[in-house]
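Engineer: The file below is model.txt, compact mmCIF, C-alpha atoms and all ligand atoms:
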```txt
# COMPACT_ATOMS: atom_id res chain seq x y z
CA MET R 1 23.78 -1.81 26.74
CA LYS R 2 24.14 1.95 26.31
CA ALA R 3 21.36 4.25 27.38
CA LEU R 4 19.11 4.93 24.41
CA ASP R 5 19.36 8.33 22.80
CA LEU R 6 16.02 9.35 21.34
CA GLN R 7 17.33 12.30 19.33
CA PRO R 8 17.63 11.79 15.60
CA ARG R 9 19.94 14.35 14.10
CA GLY R 10 21.80 15.48 11.00
CA LEU R 11 19.86 14.67 7.85
CA LEU R 12 16.58 14.26 9.69
CA ARG R 13 16.49 17.88 10.67
CA GLU R 14 16.97 18.70 7.03
CA HIS R 15 14.21 16.22 6.19
CA ALA R 16 11.77 18.03 8.47
CA ARG R 17 12.38 21.16 6.40
CA SER R 18 12.23 19.59 2.92
CA HIS R 19 9.29 17.38 3.89
CA ARG R 20 6.92 20.32 4.22
CA GLU R 21 7.49 21.27 0.58
CA SER R 22 7.58 17.69 -0.57
CA ASP R 23 5.87 15.32 -2.89
CA ALA R 24 2.19 14.40 -2.79
CA LEU R 25 1.71 13.57 -6.45
CA GLU R 26 -2.01 14.07 -6.06
CA ASP R 27 -1.53 17.68 -5.09
CA CYS R 28 -1.72 19.54 -8.38
CA ALA R 29 -0.63 22.81 -6.77
CA VAL R 30 2.82 21.32 -6.18
CA PRO R 31 4.88 20.52 -9.28
CA VAL R 32 5.76 16.83 -9.19
CA GLY R 33 9.22 16.40 -7.75
CA ALA R 34 9.41 19.86 -6.25
CA GLY R 35 11.58 19.90 -3.13
CA VAL R 36 12.77 16.29 -3.51
CA PRO R 37 16.31 16.29 -4.84
CA ALA R 38 17.68 12.94 -6.03
CA LYS R 39 20.76 13.44 -3.85
CA ARG R 40 20.79 15.21 -0.53
CA PRO R 41 23.97 16.74 0.92
CA ALA R 42 26.64 14.32 2.10
CA GLN R 43 27.23 13.32 5.70
CA ALA R 44 27.85 16.09 8.18
CA THR R 45 31.45 15.09 8.88
CA GLU R 46 31.27 15.49 12.65
CA LEU R 47 28.61 12.77 13.03
CA PRO R 48 29.72 9.32 14.17
CA LEU R 49 29.16 6.72 11.43
CA ALA R 50 26.50 4.86 13.44
CA ASP R 51 24.49 8.06 13.92
CA HIS R 52 24.75 8.87 10.24
CA LEU R 53 23.60 5.40 9.17
CA ALA R 54 20.66 5.57 11.58
CA ASP R 55 19.78 8.98 10.13
CA LEU R 56 19.83 7.57 6.59
CA ALA R 57 17.73 4.55 7.57
CA VAL R 58 15.09 6.61 9.39
CA GLU R 59 15.03 9.09 6.53
CA ALA R 60 14.39 6.19 4.13
CA LEU R 61 11.46 5.07 6.30
CA ILE R 62 9.95 8.55 6.39
CA ASP R 63 10.47 9.06 2.65
CA GLU R 64 8.75 5.72 1.99
CA ALA R 65 5.79 6.64 4.22
CA ASP R 66 5.40 10.09 2.61
CA LEU R 67 5.67 8.88 -0.98
CA SER R 68 2.24 9.19 -2.64
CA PRO R 69 0.14 7.76 -4.22
CA LYS R 70 1.16 4.22 -3.15
CA PRO R 71 -1.40 1.50 -3.94
CA GLY R 72 -3.04 -0.02 -0.85
CA LEU R 73 -0.50 1.57 1.51
CA VAL R 74 -0.50 4.37 4.06
CA ASP R 75 0.62 7.59 2.40
CA ARG R 76 -0.05 11.33 2.44
CA ARG R 77 -3.55 10.75 1.03
CA GLY R 78 -4.74 8.34 3.74
CA ASN R 79 -4.53 4.92 5.34
CA GLY R 80 -4.81 2.74 2.25
CA ALA R 81 -6.13 -0.73 3.09
CA HIS R 82 -5.18 -0.34 6.77
CA HIS R 83 -7.56 0.44 9.61
CA ASP R 84 -4.99 0.65 12.37
CA MET R 85 -2.24 2.75 10.72
CA THR R 86 -1.92 6.43 9.86
CA LEU R 87 0.85 8.51 8.36
CA ALA R 88 1.51 10.07 11.77
CA LEU R 89 1.88 6.58 13.25
CA MET R 90 4.34 5.61 10.50
CA HIS R 91 6.40 8.71 11.27
CA ALA R 92 6.33 8.05 15.03
CA SER R 93 7.39 4.46 14.42
CA ALA R 94 10.25 5.49 12.10
CA LEU R 95 11.60 8.00 14.60
CA ALA R 96 11.31 5.51 17.48
CA LEU R 97 13.58 3.13 15.53
CA TRP R 98 16.54 5.52 15.39
CA PRO R 99 18.22 4.27 18.61
CA CYS R 100 17.78 0.64 17.56
CA LEU R 101 19.33 1.27 14.14
CA ARG R 102 22.18 3.31 15.62
CA ASN R 103 22.86 0.57 18.18
CA MET R 104 22.92 -2.05 15.41
CA ALA R 105 25.51 -0.06 13.47
CA GLU R 106 27.60 0.48 16.61
CA ALA R 107 27.42 -3.22 17.44
CA ALA R 108 28.62 -4.14 13.95
CA GLN R 109 31.52 -1.70 14.26
CA ALA R 110 32.43 -3.09 17.69
CA ILE R 111 32.18 -6.77 16.69
CA GLY R 112 33.86 -6.09 13.37
CA THR R 113 33.27 -9.42 11.59
CA LEU R 114 30.47 -11.44 10.07
CA GLY R 115 29.40 -14.30 12.26
CA GLN R 116 27.06 -15.75 14.79
CA PRO R 117 27.95 -13.24 17.58
CA LEU R 118 26.92 -10.36 15.32
CA ARG R 119 23.69 -12.13 14.29
CA ALA R 120 22.80 -12.83 17.93
CA THR R 121 23.47 -9.21 18.93
CA LEU R 122 21.40 -7.87 16.03
CA GLY R 123 18.58 -10.24 17.00
CA GLN R 124 18.55 -8.88 20.54
CA LEU R 125 18.68 -5.27 19.33
CA GLY R 126 15.98 -6.04 16.74
CA ARG R 127 13.65 -7.36 19.43
CA GLU R 128 14.29 -4.18 21.45
CA GLY R 129 13.51 -2.18 18.30
CA GLU R 130 10.26 -4.10 17.82
CA ALA R 131 9.34 -3.29 21.44
CA ALA R 132 10.11 0.42 20.84
CA MET R 133 7.98 0.33 17.67
CA LEU R 134 5.04 -1.29 19.48
CA ALA R 135 5.33 1.22 22.35
CA ALA R 136 5.32 4.12 19.87
CA THR R 137 2.35 2.78 17.88
CA GLY R 138 0.19 1.40 20.70
CA GLY R 139 0.81 -2.18 19.57
CA VAL R 140 0.54 -1.83 15.77
CA ASN R 141 3.10 -3.62 13.59
CA THR R 142 4.19 -0.76 11.37
CA HIS R 143 7.78 -1.71 10.57
CA ARG R 144 8.70 -5.25 11.62
CA GLY R 145 9.96 -6.13 8.17
CA ALA R 146 11.82 -2.83 7.93
CA ILE R 147 13.65 -3.36 11.22
CA TRP R 148 14.80 -6.68 9.83
CA ALA R 149 15.94 -5.42 6.41
CA LEU R 150 17.38 -2.07 7.48
CA GLY R 151 19.01 -3.59 10.58
CA LEU R 152 20.93 -6.06 8.43
CA LEU R 153 21.87 -3.39 5.86
CA VAL R 154 22.96 -0.83 8.45
CA ALA R 155 25.15 -3.48 10.09
CA SER R 156 26.57 -4.48 6.72
CA LYS R 157 27.53 -0.88 5.91
CA ALA R 158 29.02 -0.36 9.37
CA LEU R 159 31.28 -3.40 8.79
CA ASP R 160 32.69 -1.94 5.56
CA THR R 161 32.01 1.66 4.67
CA GLN R 162 33.63 1.27 1.22
CA ALA R 163 31.22 -1.44 0.05
CA ASP R 164 28.97 -0.77 -2.96
CA THR R 165 25.25 -1.59 -2.98
CA ASN R 166 25.58 -5.16 -4.29
CA THR R 167 28.26 -6.02 -1.77
CA LEU R 168 26.25 -4.42 1.05
CA ALA R 169 23.15 -6.45 0.23
CA ALA R 170 25.10 -9.68 -0.23
CA ARG R 171 26.85 -9.23 3.11
CA ALA R 172 23.56 -8.44 4.84
CA GLY R 173 22.30 -11.73 3.41
CA ARG R 174 25.24 -13.61 4.87
CA ILE R 175 24.49 -12.16 8.33
CA ALA R 176 20.87 -13.32 7.97
CA LEU R 177 22.01 -16.88 7.28
CA PHE R 178 23.47 -17.27 10.77
CA ASP R 179 21.16 -18.70 13.42
CA ASP R 180 19.94 -16.48 16.20
CA PRO R 181 19.85 -18.79 19.22
CA ALA R 182 17.46 -16.51 21.10
CA MET R 183 14.91 -16.27 18.28
CA THR R 184 11.49 -17.21 19.60
CA THR R 185 9.29 -19.57 17.62
CA GLN R 186 6.31 -17.21 17.68
CA ASP R 187 3.75 -18.09 15.05
CA SER R 188 4.09 -14.94 12.97
CA HIS R 189 1.85 -14.09 10.02
CA GLY R 190 4.85 -14.79 7.78
CA LEU R 191 5.27 -18.32 9.15
CA GLN R 192 1.55 -19.05 8.86
CA VAL R 193 1.57 -17.87 5.24
CA ARG R 194 4.60 -20.03 4.52
CA ARG R 195 2.83 -23.09 5.93
CA ARG R 196 -0.36 -22.34 4.01
CA TYR R 197 1.10 -21.37 0.61
CA GLY R 198 4.69 -22.63 0.73
CA THR R 199 6.19 -19.24 -0.17
CA GLY R 200 9.23 -17.66 1.44
CA GLY R 201 8.99 -14.24 3.07
CA ALA R 202 11.17 -11.61 4.68
CA ARG R 203 13.67 -14.10 6.05
CA GLU R 204 14.41 -15.69 2.67
CA GLN R 205 14.47 -12.33 0.86
CA ALA R 206 17.26 -11.18 3.19
CA GLN R 207 19.13 -14.49 3.13
CA GLN R 208 19.26 -14.34 -0.68
CA GLY R 209 20.80 -10.83 -0.56
CA PHE R 210 17.60 -8.87 -1.25
CA PRO R 211 17.05 -9.88 -4.92
CA ALA R 212 13.83 -7.83 -5.18
CA VAL R 213 15.82 -4.70 -4.31
CA ILE R 214 19.12 -5.40 -6.07
CA GLY R 215 17.61 -6.96 -9.20
CA HIS R 216 14.42 -4.89 -9.52
CA GLY R 217 13.91 -1.87 -7.19
CA LEU R 218 17.30 -0.19 -7.56
CA PRO R 219 17.68 -0.77 -11.33
CA GLN R 220 14.16 0.63 -11.87
CA LEU R 221 14.92 3.67 -9.67
CA GLN R 222 17.97 4.36 -11.82
CA ARG R 223 16.18 3.68 -15.13
CA SER R 224 13.30 6.01 -14.28
CA ARG R 225 15.66 8.76 -13.16
CA ALA R 226 17.70 8.35 -16.34
CA ALA R 227 14.49 8.58 -18.40
CA GLY R 228 13.82 11.98 -16.82
CA ALA R 229 11.17 10.99 -14.26
CA SER R 230 10.94 13.18 -11.17
CA GLU R 231 12.32 11.70 -7.95
CA PRO R 232 8.86 10.78 -6.54
CA HIS R 233 7.90 9.09 -9.82
CA ALA R 234 11.20 7.19 -9.90
CA ARG R 235 10.58 6.01 -6.32
CA LEU R 236 7.03 4.94 -7.14
CA ASP R 237 8.37 2.99 -10.12
CA ALA R 238 10.94 1.33 -7.84
CA LEU R 239 8.14 0.31 -5.45
CA LEU R 240 6.12 -1.11 -8.36
CA ALA R 241 9.15 -3.06 -9.62
CA ILE R 242 9.50 -4.64 -6.17
CA MET R 243 5.74 -5.33 -5.92
CA ALA R 244 5.80 -7.03 -9.32
CA VAL R 245 8.14 -9.81 -8.12
CA LEU R 246 7.83 -10.08 -4.34
CA ASN R 247 6.07 -12.89 -2.49
CA ASP R 248 4.80 -10.39 0.04
CA THR R 249 3.50 -12.23 3.12
CA CYS R 250 1.61 -9.11 4.18
CA VAL R 251 -0.42 -9.33 0.94
CA LEU R 252 -0.86 -13.11 1.24
CA TRP R 253 -1.94 -12.84 4.88
CA ARG R 254 -4.58 -10.25 4.13
CA SER R 255 -5.84 -11.32 0.70
CA GLY R 256 -4.39 -14.72 -0.27
CA PRO R 257 -3.07 -15.72 -3.71
CA THR R 258 -5.82 -13.69 -5.44
CA GLY R 259 -4.50 -10.54 -3.77
CA LEU R 260 -0.89 -11.39 -4.58
CA ALA R 261 -1.73 -11.97 -8.26
CA ALA R 262 -3.55 -8.62 -8.37
CA VAL R 263 -0.58 -6.82 -6.79
CA GLN R 264 2.01 -8.38 -9.08
CA HIS R 265 -0.02 -8.12 -12.28
CA GLY R 266 -1.19 -4.58 -11.53
CA ALA R 267 2.33 -3.38 -10.74
CA ARG R 268 3.61 -4.86 -14.01
CA SER R 269 0.80 -3.12 -15.92
CA VAL R 270 1.77 0.30 -14.59
CA LEU R 271 5.40 -0.27 -15.53
CA SER R 272 4.56 -1.61 -18.98
CA GLU R 273 2.52 1.55 -19.64
CA GLY R 274 5.69 3.57 -19.07
CA GLY R 275 5.58 3.91 -15.26
CA SER R 276 4.00 6.38 -12.90
CA ALA R 277 5.31 9.42 -14.79
CA THR R 278 3.06 8.73 -17.77
CA LEU R 279 -0.65 9.43 -18.04
CA ALA R 280 -1.40 5.82 -19.03
CA GLY R 281 0.74 4.54 -16.15
CA ARG R 282 -1.04 6.78 -13.66
CA ARG R 283 -4.42 5.49 -14.87
CA GLN R 284 -3.26 1.91 -14.25
CA LEU R 285 -1.92 2.95 -10.86
CA ARG R 286 -5.28 4.43 -9.87
CA ARG R 287 -7.01 1.24 -11.00
CA LEU R 288 -4.56 -0.87 -8.99
CA ASP R 289 -5.11 1.25 -5.87
CA GLN R 290 -8.89 0.79 -6.10
CA GLN R 291 -8.52 -2.94 -6.68
CA LEU R 292 -6.21 -3.38 -3.67
CA LEU R 293 -8.61 -1.47 -1.41
CA GLN R 294 -11.43 -3.79 -2.52
CA LEU R 295 -9.29 -6.86 -1.83
CA ASN R 296 -7.98 -5.49 1.50
CA ALA R 297 -4.50 -6.08 0.07
CA SER R 298 -1.52 -4.07 1.29
CA PRO R 299 2.01 -4.54 -0.07
CA GLY R 300 3.63 -3.77 3.32
CA GLY R 301 6.63 -6.01 2.65
CA ALA R 302 7.32 -4.20 -0.64
CA ALA R 303 7.05 -0.87 1.20
CA ASP R 304 9.70 -2.03 3.68
CA LEU R 305 11.92 -3.07 0.78
CA LEU R 306 11.44 0.32 -0.91
CA ALA R 307 12.86 1.85 2.29
CA ALA R 308 15.76 -0.62 2.03
CA CYS R 309 16.21 0.43 -1.61
CA LEU R 310 16.30 4.14 -0.71
CA PHE R 311 18.77 3.43 2.09
CA LEU R 312 21.05 1.48 -0.26
CA ASP R 313 20.78 4.20 -2.89
CA LYS R 314 22.30 6.67 -0.44
CA ALA R 315 24.51 4.45 1.71
CA GLY R 316 26.04 2.69 -1.32
CA SER R 317 27.67 5.90 -2.45
CA LEU R 318 28.85 7.33 0.90
C1 LIG W 1 12.72 -12.84 10.28
C2 LIG W 1 11.68 -11.81 10.62
C3 LIG W 1 11.57 -10.92 9.39
C4 LIG W 1 10.33 -12.45 10.90
O1 LIG W 1 9.75 -12.91 9.71
P1 LIG W 1 8.37 -13.63 9.62
O2 LIG W 1 8.06 -13.83 8.18
O3 LIG W 1 8.38 -14.83 10.49
O4 LIG W 1 7.43 -12.60 10.36
P2 LIG W 1 6.38 -11.51 10.04
O5 LIG W 1 6.41 -10.62 11.21
O6 LIG W 1 5.07 -12.02 9.66
O7 LIG W 1 6.94 -10.81 8.72
C5 LIG W 1 7.93 -9.89 8.68
C6 LIG W 1 7.51 -8.64 7.91
O8 LIG W 1 8.35 -8.50 6.76
C7 LIG W 1 7.63 -7.82 5.72
N1 LIG W 1 7.56 -8.74 4.55
C8 LIG W 1 6.58 -9.54 4.15
N2 LIG W 1 6.93 -10.27 3.08
C9 LIG W 1 8.19 -9.89 2.79
C10 LIG W 1 9.11 -10.32 1.79
N3 LIG W 1 8.81 -11.27 0.91
N4 LIG W 1 10.32 -9.74 1.78
C11 LIG W 1 10.63 -8.78 2.68
N5 LIG W 1 9.80 -8.32 3.65
C12 LIG W 1 8.59 -8.89 3.71
C13 LIG W 1 6.25 -7.54 6.27
O9 LIG W 1 6.29 -6.26 6.86
C14 LIG W 1 5.26 -5.36 6.48
O10 LIG W 1 4.00 -5.93 6.85
C15 LIG W 1 3.68 -5.37 8.10
C16 LIG W 1 2.30 -5.71 8.51
O11 LIG W 1 2.23 -7.11 8.51
P3 LIG W 1 1.33 -7.94 9.46
O12 LIG W 1 1.47 -7.52 10.89
O13 LIG W 1 1.59 -9.37 9.16
O14 LIG W 1 -0.09 -7.69 8.94
P4 LIG W 1 -1.19 -6.55 9.02
O15 LIG W 1 -1.31 -5.96 7.68
O16 LIG W 1 -0.98 -5.61 10.15
O17 LIG W 1 -2.43 -7.50 9.24
P5 LIG W 1 -3.60 -7.45 10.24
O18 LIG W 1 -2.99 -7.69 11.61
O19 LIG W 1 -4.19 -6.08 10.09
O20 LIG W 1 -4.49 -8.56 9.78
C17 LIG W 1 3.97 -3.95 7.89
O21 LIG W 1 4.06 -3.30 9.02
C18 LIG W 1 5.33 -4.04 7.16
O22 LIG W 1 6.41 -3.94 8.06
C19 LIG W 1 6.10 -8.60 7.33
O23 LIG W 1 5.20 -8.25 8.32
C20 LIG W 1 12.16 -10.88 11.68
O24 LIG W 1 11.19 -9.89 11.89
C21 LIG W 1 12.61 -11.45 13.01
O25 LIG W 1 13.00 -12.58 13.15
N6 LIG W 1 12.64 -10.63 14.01
C22 LIG W 1 13.14 -10.98 15.32
C23 LIG W 1 14.27 -10.04 15.79
C24 LIG W 1 15.38 -9.90 14.79
O26 LIG W 1 16.17 -10.78 14.51
N7 LIG W 1 15.46 -8.72 14.23
C25 LIG W 1 16.34 -8.43 13.16
C26 LIG W 1 17.61 -7.86 13.50
S1 LIG W 1 18.50 -7.35 12.06
N1 LIG W 2 3.39 2.89 3.90
C1 LIG W 2 3.03 1.74 4.51
N2 LIG W 2 1.73 1.38 4.61
C2 LIG W 2 1.39 0.22 5.22
N3 LIG W 2 2.26 -0.64 5.76
C3 LIG W 2 3.55 -0.33 5.69
N4 LIG W 2 4.64 -0.99 6.14
C4 LIG W 2 5.72 -0.24 5.82
N5 LIG W 2 5.36 0.88 5.17
C5 LIG W 2 4.01 0.85 5.06
```
What would the structure in this file look like if it were written as structure tokens?
Ligand SMILES: CC(C)(COP(=O)(O)OP(=O)(O)OC[C@H]1O[C@@H](n2cnc3c(N)ncnc32)[C@H](O[C@H]2O[C@H](COP(=O)(O)OP(=O)(O)OP(=O)(O)O)[C@@H](O)[C@H]2O)[C@@H]1O)[C@@H](O)C(=O)NCCC(=O)NCCS
Ligand SMILES: Nc1ncnc2[nH]cnc12
Structural biologist:
Amino acid sequence: MKALDLQPRGLLREHARSHRESDALEDCAVPVGAGVPAKRPAQATELPLADHLADLAVEALIDEADLSPKPGLVDRRGNGAHHDMTLALMHASALALWPCLRNMAEAAQAIGTLGQPLRATLGQLGREGEAAMLAATGGVNTHRGAIWALGLLVASKALDTQADTNTLAARAGRIALFDDPAMTTQDSHGLQVRRRYGTGGAREQAQQGFPAVIGHGLPQLQRSRAAGASEPHARLDALLAIMAVLNDTCVLWRSGPTGLAAVQHGARSVLSEGGSATLAGRRQLRRLDQQLLQLNASPGGAADLLAACLFLDKAGSL
């Protein structure tokens, strides 16, 4: 294993600049969308592919964390329904995952084909990434689902840089279908939820080629942009489209089927009012946020998939 390099580069330096002038929708002094271009400059050509993909993935995580106002989630306004997470912790976690994501892309390039050896290597690197996340956050699970989704997608892109978004997601799904012989049978929240309610979670979402992202998040992102929404509004709409359909085990763990129904129904209501860019949509969004705080519900799985959506949006057109 190569020594870990803790220095994110390239686009992330640019992010640090644009982030300061970025996108708290609650902040009336800042015009919505100011400083958040739909497309950032293309890859700095001197960067190795694995570094560039890790940059894009970490940037997607930071953009997801910063996006505001997200119902029930940590954002620039506060901690949402969480008592052990802050925005600073989300940023620290995202940055700590850069070496893991770079190593996953490098491994995919080195192995070169889909198969069990690649799955086993990604599993090992994923566990190292989880350890780095827990070390950076003092033991809080900020991004377990994101390591899983982005790890598979980064590896998929590293295997074929020409692939479009649908192909990337489908190939990531095929990697997820291979067994990881070293996977521990720890009784995760996701597995407990599956036993209790019979719903699939992060594993199945990946194995099916990320249908919540490909069929809902990305099309909504594009529809909202095409309708003239600012980039933050389009991203919020993409999150809501994912929330509306996802069996999010984070929601089910914290608030059961009542919480999941509130998340899905509330997200649909915002979208059917025209989305977060409309006054009526924003009223529904505020109502949904208050309801999720009361229910202790947090759509953490949907947040991870929004990061996957933002990654695909950029990586699909490299
Ligand atoms: C295969 C794994 C994904 C493990 O999956 P499993 O379901 O067994 O494990 P969990 O750790 O419970 O869940 C994984 C996280 O995935 C997110 N998620 C939930 N539902 C979905 C969904 N339908 N689709 C996609 N993603 C989903 C979710 O992440 C977010 O929730 C986190 C907080 O959750 P949690 O800790 O349960 O709850 P708290 O709110 O903190 O509750 P309290 O403790 O306060 O009560 C939040 O941080 C988001 O990240 C799920 O948590 C995979 O992880 C795995 O096998 N890993 C091993 C190594 C490996 O192979 N790595 C991959 C290499 S590519
Ligand atoms: N913004 C966020 N808030 C809470 N949990 C999350 N998991 C991933 N992103 C999150």
Engineer: Residues of range 100-135 of chain R that approach range 162-178 of chain R to 8 Å or less, counting all atoms listed in the file: could you list each one with the shortest pair of atoms and its distance in Å to one decimal, rows by chain and increasing residue number, as a tab-separated table?
Structural biologist:
```
residue	atom	partner	partner_atom	distance
R:Leu114	CA	R:Ile175	CA	6.3
R:Gly115	CA	R:Ile175	CA	6.6
R:Gln116	CA	R:Phe178	CA	5.6
R:Leu118	CA	R:Ile175	CA	7.6
R:Arg119	CA	R:Ile175	CA	6.0
```
Engineer: Which residues are near ligand LIG 1 (chain W) in this structure, taking near to mean any atom at most 7 Å from a ligand atom and counting all atoms listed in the file? Format them as an mmCIF file with C-alpha atoms, in the coordinates of the input.
Structural biologist:
```
data_model
loop_
_atom_site.group_PDB
_atom_site.id
_atom_site.type_symbol
_atom_site.label_atom_id
_atom_site.label_comp_id
_atom_site.auth_asym_id
_atom_site.auth_seq_id
_atom_site.Cartn_x
_atom_site.Cartn_y
_atom_site.Cartn_z
ATOM 1 C CA HIS R 82 -5.180 -0.340 6.770
ATOM 2 C CA LEU R 122 21.400 -7.870 16.030
ATOM 3 C CA GLY R 123 18.580 -10.240 17.000
ATOM 4 C CA GLN R 124 18.550 -8.880 20.540
ATOM 5 C CA LEU R 125 18.680 -5.270 19.330
ATOM 6 C CA GLY R 126 15.980 -6.040 16.740
ATOM 7 C CA ARG R 127 13.650 -7.360 19.430
ATOM 8 C CA VAL R 140 0.540 -1.830 15.770
ATOM 9 C CA ASN R 141 3.100 -3.620 13.590
ATOM 10 C CA THR R 142 4.190 -0.760 11.370
ATOM 11 C CA HIS R 143 7.780 -1.710 10.570
ATOM 12 C CA ARG R 144 8.700 -5.250 11.620
ATOM 13 C CA GLY R 145 9.960 -6.130 8.170
ATOM 14 C CA ALA R 146 11.820 -2.830 7.930
ATOM 15 C CA ILE R 147 13.650 -3.360 11.220
ATOM 16 C CA TRP R 148 14.800 -6.680 9.830
ATOM 17 C CA ALA R 149 15.940 -5.420 6.410
ATOM 18 C CA GLY R 151 19.010 -3.590 10.580
ATOM 19 C CA LEU R 152 20.930 -6.060 8.430
ATOM 20 C CA MET R 183 14.910 -16.270 18.280
ATOM 21 C CA SER R 188 4.090 -14.940 12.970
ATOM 22 C CA HIS R 189 1.850 -14.090 10.020
ATOM 23 C CA GLY R 190 4.850 -14.790 7.780
ATOM 24 C CA LEU R 191 5.270 -18.320 9.150
ATOM 25 C CA GLY R 200 9.230 -17.660 1.440
ATOM 26 C CA GLY R 201 8.990 -14.240 3.070
ATOM 27 C CA ALA R 202 11.170 -11.610 4.680
ATOM 28 C CA ARG R 203 13.670 -14.100 6.050
ATOM 29 C CA GLN R 205 14.470 -12.330 0.860
ATOM 30 C CA LEU R 246 7.830 -10.080 -4.340
ATOM 31 C CA ASN R 247 6.070 -12.890 -2.490
ATOM 32 C CA ASP R 248 4.800 -10.390 0.040
ATOM 33 C CA THR R 249 3.500 -12.230 3.120
ATOM 34 C CA CYS R 250 1.610 -9.110 4.180
ATOM 35 C CA TRP R 253 -1.940 -12.840 4.880
ATOM 36 C CA ARG R 254 -4.580 -10.250 4.130
ATOM 37 C CA SER R 298 -1.520 -4.070 1.290
ATOM 38 C CA GLY R 300 3.630 -3.770 3.320
ATOM 39 C CA GLY R 301 6.630 -6.010 2.650
ATOM 40 C CA ALA R 302 7.320 -4.200 -0.640
ATOM 41 C CA ALA R 303 7.050 -0.870 1.200
ATOM 42 C CA ASP R 304 9.700 -2.030 3.680
ATOM 43 C CA LEU R 305 11.920 -3.070 0.780
#
```
Engineer: Could you work out how far CA of Ala267 in chain R lies from CA of Cys309 in chain R, giving the answer in Å with one decimal?
Structural biologist: 17.0 Å
Engineer: Under the rule that all atoms listed in the file are counted, which of R:Asp179, R:Asp313, R:Asp84, R:Asp237 is the nearest residue to ligand LIG 2 (chain W)?
Structural biologist: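 Checking each of R:Asp179, R:Asp313, R:Asp84, R:Asp237 against ligand LIG 2 (chain W), counting all atoms listed in the file, the winner is R:Asp84.
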Engineer: From the list R:Gly281, R:Gly129, R:Ala244, R:Glu106, which residue is nearest Val154 in chain R when using only C-alpha atoms?
Structural biologist: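 Using only C-alpha atoms, the shortest distance to Val154 in chain R belongs to R:Glu106.
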Engineer: In Å, how far is it from CA of Asp75 in chain R to CA of Leu87 in chain R?
Structural biologist: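 Between CA of Asp75 in chain R and CA of Leu87 in chain R the gap works out to 6.0 Å.
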Engineer: Tell me which protein, DNA and RNA residues are within 8 Å of Val270 in chain R, counting all atoms listed in the file, leaving out same-chain ones fewer than 6 positions away, and put them as a list in words.
Structural biologist: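 Within the cut-off, the hits are Leu240, Ser276, Ala280, Gly281, Arg282, Gln284 and Leu285 of chain R.
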Engineer: Have a look at CA of Ala234 in chain R and CA of Leu221 in chain R and let me know their distance in Å, one decimal.
Structural biologist: 5.1 Å
Engineer: Near Ala65 in chain R, within 8 Å and counting all atoms listed in the file, which residues show up once chain neighbours fewer than 3 positions away are dropped, as number ranges by chain?
Structural biologist: R: 61-62, 74-76, 87, 90-91
Engineer: Neighbours of Leu295 in chain R within 10 Å (only C-alpha atoms; same-chain residues fewer than 5 positions away dropped), as a PyMOL selection string?
Structural biologist: chain R and resi 72+81+251+254-256+258-260+262+289-290
Engineer: Find, counting only C-alpha atoms, the residue in R:Leu288, R:Leu271, R:Ala92, R:Ala229 that gets nearest to His216 in chain R.
Structural biologist: R:Leu271
Engineer: Which one is closest to ligand LIG 2 (chain W): R:Ser272, R:Ser156, R:Thr113, R:Asn296? Count only C-alpha atoms and all ligand atoms.
Structural biologist: R:Asn296
Engineer: Here is a test: counting only C-alpha atoms, which residue of R:Ala107, R:Ala120, R:Ala206, R:Ala241 is nearest to Arg223 in chain R?
Structural biologist: R:Ala241
Engineer: So which one's closest to ligand LIG 2 (chain W), R:Leu97, R:Ala54, R:Met85, R:Leu292? Using all atoms listed in the file, please.
Structural biologist: R:Met85
